[in-house]
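Printed here is work-v5.cif (mmCIF, C-alpha atoms):
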data_coords
#
loop_
_atom_site.label_atom_id
_atom_site.label_comp_id
_atom_site.auth_asym_id
_atom_site.auth_seq_id
_atom_site.Cartn_x
_atom_site.Cartn_y
_atom_site.Cartn_z
CA MET A 1 0.00 0.00 0.00
CA GLY A 2 2.81 2.44 0.78
CA TYR A 3 3.09 5.75 2.58
CA ARG A 4 0.20 8.12 1.89
CA SER A 5 -0.30 11.87 2.22
CA ASP A 6 -3.19 14.31 2.16
CA ILE A 7 -2.51 17.43 0.11
CA VAL A 8 -4.19 20.80 -0.31
CA ILE A 9 -3.11 23.12 -3.11
CA CYS A 10 -4.66 26.59 -3.35
CA MET A 11 -3.96 29.14 -6.05
CA THR A 12 -5.12 32.30 -7.69
CA PRO A 13 -7.28 31.86 -10.81
CA GLU A 14 -4.40 33.08 -12.99
CA LYS A 15 -2.14 30.26 -11.76
CA GLU A 16 -4.70 27.55 -12.45
CA TYR A 17 -4.05 27.84 -16.18
CA GLU A 18 -0.38 26.92 -15.60
CA PHE A 19 -1.34 24.25 -13.04
CA LYS A 20 -3.42 22.39 -15.62
CA PHE A 21 -0.21 21.57 -17.54
CA LEU A 22 1.25 19.70 -14.55
CA GLY A 23 0.89 15.95 -14.21
CA ILE A 24 -0.84 16.24 -10.82
CA SER A 25 -3.78 17.98 -12.50
CA ASN A 26 -4.62 14.72 -14.33
CA ALA A 27 -7.67 13.54 -12.34
CA GLU A 28 -7.44 9.97 -13.64
CA GLU A 29 -3.90 9.52 -12.30
CA TRP A 30 -4.16 11.91 -9.31
CA PRO A 31 -7.81 11.96 -8.08
CA TYR A 32 -8.77 15.24 -6.41
CA SER A 33 -11.66 17.47 -5.50
CA ARG A 34 -11.70 21.04 -6.84
CA GLU A 35 -13.48 23.95 -5.18
CA VAL A 36 -13.77 27.58 -6.21
CA GLN A 37 -13.75 29.76 -3.10
CA PRO A 38 -15.94 32.89 -2.63
CA ASP A 39 -12.90 35.08 -3.41
CA SER A 40 -12.41 33.15 -6.72
CA THR A 41 -9.29 31.33 -5.53
CA ILE A 42 -9.15 27.62 -6.35
CA ARG A 43 -8.55 24.77 -3.89
CA TYR A 44 -7.51 21.26 -4.93
CA THR A 45 -7.66 18.52 -2.28
CA TYR A 46 -5.95 15.15 -2.67
CA ARG A 47 -6.56 12.34 -0.15
CA GLY A 48 -4.28 9.37 0.44
CA VAL A 49 -1.86 9.96 -2.44
CA LYS A 50 1.69 8.68 -2.78
CA TRP A 51 3.79 11.86 -2.93
CA TYR A 52 7.09 10.22 -3.87
CA GLN A 53 10.06 11.85 -5.59
CA SER A 54 10.21 8.79 -7.85
CA TYR A 55 6.93 9.82 -9.49
CA PRO A 56 7.82 12.39 -12.21
CA GLU A 57 4.76 14.53 -11.37
CA VAL A 58 6.12 15.30 -7.88
CA PRO A 59 9.44 16.99 -8.76
CA GLU A 60 7.64 18.67 -11.68
CA ALA A 61 5.09 20.22 -9.27
CA GLU A 62 7.76 21.15 -6.72
CA LYS A 63 9.78 22.90 -9.43
CA TRP A 64 6.68 24.85 -10.48
CA PHE A 65 6.03 25.92 -6.87
CA SER A 66 9.62 27.21 -6.63
CA THR A 67 9.17 29.42 -9.72
CA ILE A 68 5.93 31.23 -8.84
CA PRO A 69 5.38 34.01 -6.27
CA GLU A 70 4.54 32.71 -2.78
CA ASN A 71 1.46 34.93 -2.54
CA THR A 72 -0.15 33.17 -5.56
CA TYR A 73 -0.36 29.67 -4.09
CA CYS A 74 -0.32 27.47 -1.01
CA PHE A 75 0.79 23.83 -0.81
CA ILE A 76 0.25 21.73 2.31
CA ARG A 77 1.16 18.06 2.55
CA VAL A 78 0.41 16.02 5.67
CA GLY A 79 1.98 12.57 5.67
CA GLU A 80 1.20 9.64 7.91
CA GLY A 81 4.05 10.32 10.33
CA ASP A 82 4.82 7.75 13.00
CA GLY A 83 2.49 8.94 15.75
CA TYR A 84 5.20 10.93 17.53
CA GLU A 85 6.78 12.91 14.71
CA SER A 86 4.62 14.72 12.20
CA ASP A 87 5.38 14.79 8.50
CA ILE A 88 4.11 18.17 7.36
CA GLU A 89 5.30 20.26 4.43
CA MET A 90 4.00 23.79 3.82
CA LEU A 91 4.89 26.13 0.94
CA GLY A 92 3.47 29.42 -0.23
CA ASP A 93 1.03 31.65 1.64
CA GLU A 94 -1.38 29.53 3.70
CA GLU A 95 -2.69 32.57 5.54
CA ARG A 96 -3.88 34.27 2.35
CA PHE A 97 -5.81 31.17 1.29
CA GLY A 98 -7.23 30.43 4.75
CA VAL A 99 -5.82 26.93 5.12
CA GLY A 100 -3.58 25.32 7.70
CA VAL A 101 -2.86 22.18 9.67
CA SER A 102 -4.69 21.23 12.85
CA MET A 103 -3.78 18.26 15.02
CA PHE A 104 -5.94 16.98 17.85
CA ALA A 105 -6.67 13.93 19.96
CA GLU A 106 -10.13 12.43 19.78
CA ILE A 107 -11.80 9.91 22.06
CA ILE A 108 -13.47 7.34 19.85
CA ASP A 109 -14.55 4.87 22.58
CA GLU A 110 -17.51 6.29 24.52
CA ASN A 111 -16.87 3.79 27.31
CA LEU A 112 -13.53 5.36 28.25
CA ASP A 113 -13.36 8.04 30.91
CA PRO A 114 -11.85 11.13 29.16
CA LEU A 115 -9.96 12.12 32.33
CA PHE A 116 -7.81 8.99 32.16
CA VAL A 117 -7.15 8.66 28.45
#

Since I need it in another form, could you write the structure as structure tokens?
Amino acid sequence: MGYRSDIVICMTPEKEYEFKFLGISNAEEWPYSREVQPDSTIRYTYRGVKWYQSYPEVPEAEKWFSTIPENTYCFIRVGEGDGYESDIEMLGDEERFGVGVSMFAEIIDENLDPLFV
């Protein structure tokens, strides 16, 4: 199965034209959801993808991110981590696009006393 990541990529409408030439915009190979935000910015969300350097689309996308102004995009990748160390990568301007990373603990067994978990 391999190591998986969740990814959010936000961009200005002008950058989406360039983005569509990248391999990661191919929905058959890289399934995603696409949302247009109220301010017209675009958000792509990828769930459970293999973000490996050995896939040519990954270095291609990373190179593109390095060539465009930081205020025109945001890239967030959250990997599986090992439970103690997080595997988070953030590029661009997450504040402008209103996205970020939130980590929390959740009690999923109602029979457990939350004071002793």

Coordinates-based distance that separates atom CA of Ile68 of chain A from atom CA of Ile88 of chain A (Å, one decimal):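 These two atoms are separated by 20.9 Å.
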
Å distance separating atom CA of Tyr32 of chain A from atom CA of Gly92 of chain A, one decimal place: 19.7 Å

Selected residue of minimal separation from Glu60 of chain A among A:Gly81, A:Phe21, A:Asp93, A:Asp39, counting only C-alpha atoms: A:Phe21

One-decimal distance in Å that lies between atom CA of Asp87 of chain A and atom CA of Met103 of chain A: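 These two atoms are separated by 11.8 Å.
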
Exercise: segment 2-13 of chain A partners within 8 Å, all atoms listed in the file, chain neighbours under 4 positions left out, as a PyMOL selection string: chain A and resi 17+40-51+72-80+97

To box segment 6-17 of chain A, take all atoms listed in the file, fit an axis-aligned box, add 6 Å on each side, and give centre and edge lengths in Å to one decimal, as JSON.
{"center_x": -4.7, "center_y": 23.7, "center_z": -7.0, "size_x": 17.1, "size_y": 30.8, "size_z": 30.3}

Point (2.3, 18.3, -7.7), cut-off 10 Å, counting only C-alpha atoms, residues as number ranges by chain: A: 7, 9, 19, 22-25, 30, 51, 55-65, 75

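If only C-alpha atoms are the atoms counted, then among A:Ala27, A:Val36, A:Lys15, A:Leu91 the closest residue to Ser66 of chain A is A:Leu91.
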